[in-house]
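Report on the structure given below.
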Amino acid sequence: MRSPVPGQSPDGELVSDSTPLLQGAPQAEAGEPRSDRSGGGPSARALAPVCCSARYNLAVLAFFGFFVLYALRVNLSVALVDMVDSNTTLANNRTSKECAEHSASNKVFRNQTGKRYKWDAETQGWILGSFFYGYIITQIPGGYVASKVGGKLLLGFGILGTAVFTLFTPIAADIGVGALIVLRALEGLGEGVTFPAMHAMWSSWAPPLERSKLLSISYAGAQLGTVISLPLSGLICFYMNWTYVFYLFGIVGIIWFVLWIWLVSNTPETHTTISHQEKEYILSSLKNQLSSQKSVPWISMLKSLPLWAIVVAHFSYNWTFYTLLTLLPTYMKEILRFNVQENGILSAVPYFGCWLCMIMSGQVADYLRAKWNFSTVCVRKVFSLIGMIGPAVFLVAAGYIGCDYSLAVAFLTISTTLGGFCSSGFSINHLDIAPSTLLGNGKLFSGSLLLLMYLVPFSSPSSVKVKCRTGPSMITMDTDTEGTNK
């Protein structure tokens with residue numbers, strides 16, 4: 001079966017799919033079989049098994065890297081619920097009693113030795129939002145440095161720096177709000193280089209017909225990190241002390257860094273234990289995507305409509321995703337009134353669904369392209385459409401269900417789960433449209449194209465300030481947006 005998309009060539013592949021965004025990349029010969037152009041022939045794939053392969057080992061290590069990355073990012077969202085004196089929040093919250101207290105009273109011992117701070121809602125918003133002010137600064141430098149030194153060291157030290165700063169969070173909180181805000185911004189600086197670095201590595205490692213699968217596996221770690229860290233942070237706060245949330249995840253990040261530096265290489269050529277068959281398979285599948293262009297074609301990039309389509313998609317998706325990621329535990333506490341233990345578990349449920357969807361969508365996307373001859377552009381558009389429209393519908397619906405706790409959690413879970421389809425849509429479309437060009441010591445250009453994508457979603461001059469209000473038939477949470485002139 002071939003995809004019902006106009007403009008196909010006789011072999012079922014879209015003509016535009018084999019043409020890079022920028023001109024100058026050598027194309028395959030007209031008589032060359034399609035399988036050889038797009039990912040290595042059947043014999044090549046037969047000689048490069050999946051099990052224990054270097055490329056899938058990289059995907060697994062990247063999976064755990066992004067697991068740690070998002071665990072370090074979201075643990076404060078739950079810990080902050082326990083760090084703040086609840087009387088300070090309730091004093092300024094006019095709708096905290098709109099929903100009835102429903103947590104079952106129990107006599108389970110809860111450790112309350114952690115220090116509490118009198119931070120109002122605006123201060124909490126600045127603390128939660130400060131991470132992203134650091135995050136936007138290293139996006140473009142991250143892509144550039146990755147093209148010079150490789151993604152291995154950049155990604156490794158980015159996560160290591162975040163882990164080390166996380167260990168100092170309790171000390172910064174004791175010093176004052178300003179110190180904590182600066183520390184979180186520094187953590188953002190470290191995490192800002194991670195996605196550009198990872199994309200730069202995959203441009204050297206991912207055969208085209210395994211691209212959705214490999215990238216979905218690696219980036220699914222972000223969702224599982226959220227799934228595990230949210231309830232685990234809640235349990236640690238409930239039974240131990242909120243300070244241990246930062247100590248635990250910080251130490252895990254350092255352990256991952258050691259494994260990453262030991263086991264990973266920037267390219268197949270420099271990998272010490274990769275089999276000859278797998279190396280040849282990867283290199284032969286990518287050779288026809290190389291461009292002879294020696295410099296970054298900024299003008300052509302800025303004039304590219306496909307590029308701007310990805311920018312808009314990233315901006316739209318990330319606006320919603322990171323708002324929920326940052327504020328969902330606060331919504332669970334202030335509006336639905338779950339305690340910290342329930343809060344962490346229920347806040348994680350939507351991201352568990354997203355994790356499953358990411359894994360599934362990557363398999364399905366590559367299956368449609370490899371077995372059913374669906375064009376790359378068709379698969380990317382369909383998966384992006386599902387991953388954008390679906391979450392929007394259920395997120396809007398969640399605003400109109402009032403204090404129905406079960407329905408609120410269900411709608412938020414469905415919304416976030418459907419967003420997982422985007423991992424095989426616009427999220428990896430950068431590697432589809434960008435020719436790999438030789439820069440410097442053989443570094444590839446795809447990472448340089450990516451850096452523009454990740455600056456825009458976090459460049460909005462808004463700080464998250466939580467305010468609660470009652471709607472016509474709903475409880476909502478507002479975010480105040482401040483212009484740059486304020």
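Chain labels run A, B, ... following the order of the structure tokens; each chain numbers its residues from 1, and ligands are numbered from 1 in the order shown.
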
Name the residues in contact with Leu72 (chain A) at a cut-off of 9 Å, using only C-alpha atoms, excluding same-chain residues fewer than 6 positions from it; report them as a list in words.
Ile159, Thr162, Ala163, Thr166, Glu187, Gly225, Ser229, Phe246, Phe249, Gly250 and Gly253 of chain A

Quick one: contact table of region 177-259 of chain A to region 118-137 of chain A, 10 Å max, nearest atom pair and distance in Å to one decimal per residue, counting only C-alpha atoms, chain and number order, as JSON lines?
```
{"residue": "A:Val177", "atom": "CA", "partner": "A:Ile127", "partner_atom": "CA", "distance": 7.6}
{"residue": "A:Gly178", "atom": "CA", "partner": "A:Ile127", "partner_atom": "CA", "distance": 8.7}
{"residue": "A:Ala179", "atom": "CA", "partner": "A:Ile127", "partner_atom": "CA", "distance": 9.9}
{"residue": "A:Leu180", "atom": "CA", "partner": "A:Ile127", "partner_atom": "CA", "distance": 7.0}
{"residue": "A:Ile181", "atom": "CA", "partner": "A:Ile127", "partner_atom": "CA", "distance": 5.3}
{"residue": "A:Val182", "atom": "CA", "partner": "A:Ser130", "partner_atom": "CA", "distance": 7.4}
{"residue": "A:Leu183", "atom": "CA", "partner": "A:Phe131", "partner_atom": "CA", "distance": 8.3}
{"residue": "A:Arg184", "atom": "CA", "partner": "A:Phe131", "partner_atom": "CA", "distance": 4.8}
{"residue": "A:Ala185", "atom": "CA", "partner": "A:Gly134", "partner_atom": "CA", "distance": 4.3}
{"residue": "A:Leu186", "atom": "CA", "partner": "A:Gly134", "partner_atom": "CA", "distance": 6.0}
{"residue": "A:Glu187", "atom": "CA", "partner": "A:Phe131", "partner_atom": "CA", "distance": 6.5}
{"residue": "A:Gly188", "atom": "CA", "partner": "A:Tyr135", "partner_atom": "CA", "distance": 4.1}
{"residue": "A:Leu189", "atom": "CA", "partner": "A:Gly134", "partner_atom": "CA", "distance": 4.6}
{"residue": "A:Gly190", "atom": "CA", "partner": "A:Tyr135", "partner_atom": "CA", "distance": 7.5}
{"residue": "A:Glu191", "atom": "CA", "partner": "A:Tyr135", "partner_atom": "CA", "distance": 6.4}
{"residue": "A:Gly192", "atom": "CA", "partner": "A:Tyr135", "partner_atom": "CA", "distance": 4.6}
{"residue": "A:Val193", "atom": "CA", "partner": "A:Tyr135", "partner_atom": "CA", "distance": 8.3}
```

List the neighbours of region 201-208 of chain A out to 6 Å using only C-alpha atoms; skip same-chain residues closer than 2 positions along the sequence, and give me the result as a VMD selection string.
chain A and resid 38 to 39 151 198 to 199 210 to 211 267 282 285

If you keep N, CA and C atoms, can you produce a file of those selected residues as a CSV table (one decimal), in the first residue's frame?
```csv
chain,number,residue,atom,x,y,z
A,38,SER,N,17.4,5.2,1.1
A,38,SER,CA,16.8,5.7,2.3
A,38,SER,C,17.2,5.0,3.6
A,39,GLY,N,18.0,4.1,3.5
A,39,GLY,CA,18.4,3.5,4.8
A,39,GLY,C,19.2,2.3,4.7
A,151,GLY,N,28.6,16.1,20.3
A,151,GLY,CA,27.5,16.2,21.3
A,151,GLY,C,27.7,15.4,22.5
A,198,MET,N,22.1,16.4,21.4
A,198,MET,CA,21.6,15.1,21.1
A,198,MET,C,21.2,15.0,19.6
A,199,HIS,N,20.6,16.0,19.0
A,199,HIS,CA,20.3,16.0,17.6
A,199,HIS,C,21.5,15.9,16.8
A,210,GLU,N,15.3,4.3,10.5
A,210,GLU,CA,15.2,4.0,11.9
A,210,GLU,C,15.2,5.2,12.8
A,211,ARG,N,15.1,6.4,12.1
A,211,ARG,CA,15.2,7.7,12.7
A,211,ARG,C,14.1,7.9,13.8
A,267,THR,N,30.6,9.6,17.0
A,267,THR,CA,30.3,9.1,15.7
A,267,THR,C,30.6,7.6,15.6
A,282,ILE,N,25.4,2.1,8.9
A,282,ILE,CA,25.1,3.5,9.3
A,282,ILE,C,25.7,4.4,8.3
A,285,SER,N,24.0,4.3,4.8
A,285,SER,CA,22.7,4.9,4.8
A,285,SER,C,22.6,6.4,4.9
```

Looking at A:Ile228, A:Lys115, A:Met388, A:Phe157, which one is nearest to Ile261 (chain A), with distances taken over only C-alpha atoms?
A:Phe157

Which of A:Val50, A:Leu58, A:Phe67, A:Arg116 sits closest to Leu80 (chain A) [using only C-alpha atoms]
A:Arg116

Separation of CA of Val252 (chain A) and CA of Gln223 (chain A), in Å?
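That distance, rounded to one decimal, is 16.8 Å.
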
Here is a test: counting only C-alpha atoms, which residue of A:Leu215, A:Ala172, A:Val145, A:Leu356 is nearest to Ser427 (chain A)?
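When distances to Ser427 (chain A) are compared using only C-alpha atoms, the smallest one comes from A:Leu215.
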
Contacts of Ser265 (chain A) at 7 Å or less, counting only C-alpha atoms, minus same-chain residues fewer than 5 places along, as a PyMOL selection string?
chain A and resi 152+270-271

What parts of region 238-459 of chain A does DSSP call alpha helix (DSSP H)? I'd like the answer as a PyMOL selection string.
chain A and resi 238-239+243-263+276-286+298-302+305-334+340-370+376-398+405-418+429-433+446-455

Would you compute the distance between CA of Tyr247 (chain A) and CA of Phe352 (chain A)? Give it in Å to one decimal.
23.8 Å

Excluding same-chain residues fewer than 2 positions from Gly234 (chain A), what lies within 7 Å of it counting only C-alpha atoms, as a list in words?
Val78, Leu230, Pro231, Leu232, Ile236, Cys237, Phe238, Val340, Gln341, Asn343 and Gly344 of chain A

Selection above as a file: N, CA, C and O atoms, as a short mmCIF file (atom, residue, chain, number, x, y, z; two decimals), in the first residue's frame:
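Saved as out-v2.cif:
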```
data_model
loop_
_atom_site.label_atom_id
_atom_site.label_comp_id
_atom_site.auth_asym_id
_atom_site.auth_seq_id
_atom_site.Cartn_x
_atom_site.Cartn_y
_atom_site.Cartn_z
N VAL A 78 7.16 19.63 42.59
CA VAL A 78 6.52 18.92 43.70
C VAL A 78 7.12 19.36 45.03
O VAL A 78 6.40 19.61 46.00
N LEU A 230 7.99 12.71 39.66
CA LEU A 230 6.88 13.39 40.33
C LEU A 230 6.34 12.59 41.52
O LEU A 230 6.27 13.12 42.64
N PRO A 231 5.93 11.31 41.35
CA PRO A 231 5.45 10.58 42.54
C PRO A 231 6.56 10.29 43.54
O PRO A 231 6.32 10.31 44.75
N LEU A 232 7.79 10.03 43.04
CA LEU A 232 8.88 9.75 43.97
C LEU A 232 9.20 10.98 44.81
O LEU A 232 9.47 10.86 46.02
N ILE A 236 9.02 11.13 48.85
CA ILE A 236 10.17 11.57 49.64
C ILE A 236 9.78 12.73 50.55
O ILE A 236 10.14 12.77 51.74
N CYS A 237 9.02 13.67 50.01
CA CYS A 237 8.56 14.80 50.84
C CYS A 237 7.65 14.32 51.97
O CYS A 237 7.68 14.86 53.08
N PHE A 238 6.84 13.32 51.70
CA PHE A 238 5.84 12.86 52.67
C PHE A 238 6.49 12.08 53.81
O PHE A 238 6.16 12.28 54.99
N VAL A 340 0.44 16.21 49.28
CA VAL A 340 1.68 16.13 48.51
C VAL A 340 1.94 14.73 47.99
O VAL A 340 2.51 14.53 46.92
N GLN A 341 1.52 13.70 48.73
CA GLN A 341 1.74 12.33 48.29
C GLN A 341 0.86 12.01 47.08
O GLN A 341 1.33 11.50 46.06
N ASN A 343 -0.56 14.20 45.19
CA ASN A 343 -0.21 15.18 44.17
C ASN A 343 0.85 14.63 43.21
O ASN A 343 0.71 14.67 41.98
N GLY A 344 1.93 14.09 43.79
CA GLY A 344 3.01 13.59 42.96
C GLY A 344 2.57 12.45 42.07
O GLY A 344 2.94 12.37 40.89
#
```

Nearby residues (only C-alpha atoms) at most 9 Å from Met360 (chain A), same-chain spacing under 4 positions excluded, as number ranges by chain
A: 213, 216, 355-356, 364-365, 420-421

Give the answer as one residue: which of A:Leu263, A:Glu269, A:Leu69, A:Leu286 has the shortest atom-to-atom distance to Thr194 (chain A), using only C-alpha atoms?
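Among A:Leu263, A:Glu269, A:Leu69, A:Leu286, it is A:Leu69 that comes nearest to Thr194 (chain A).
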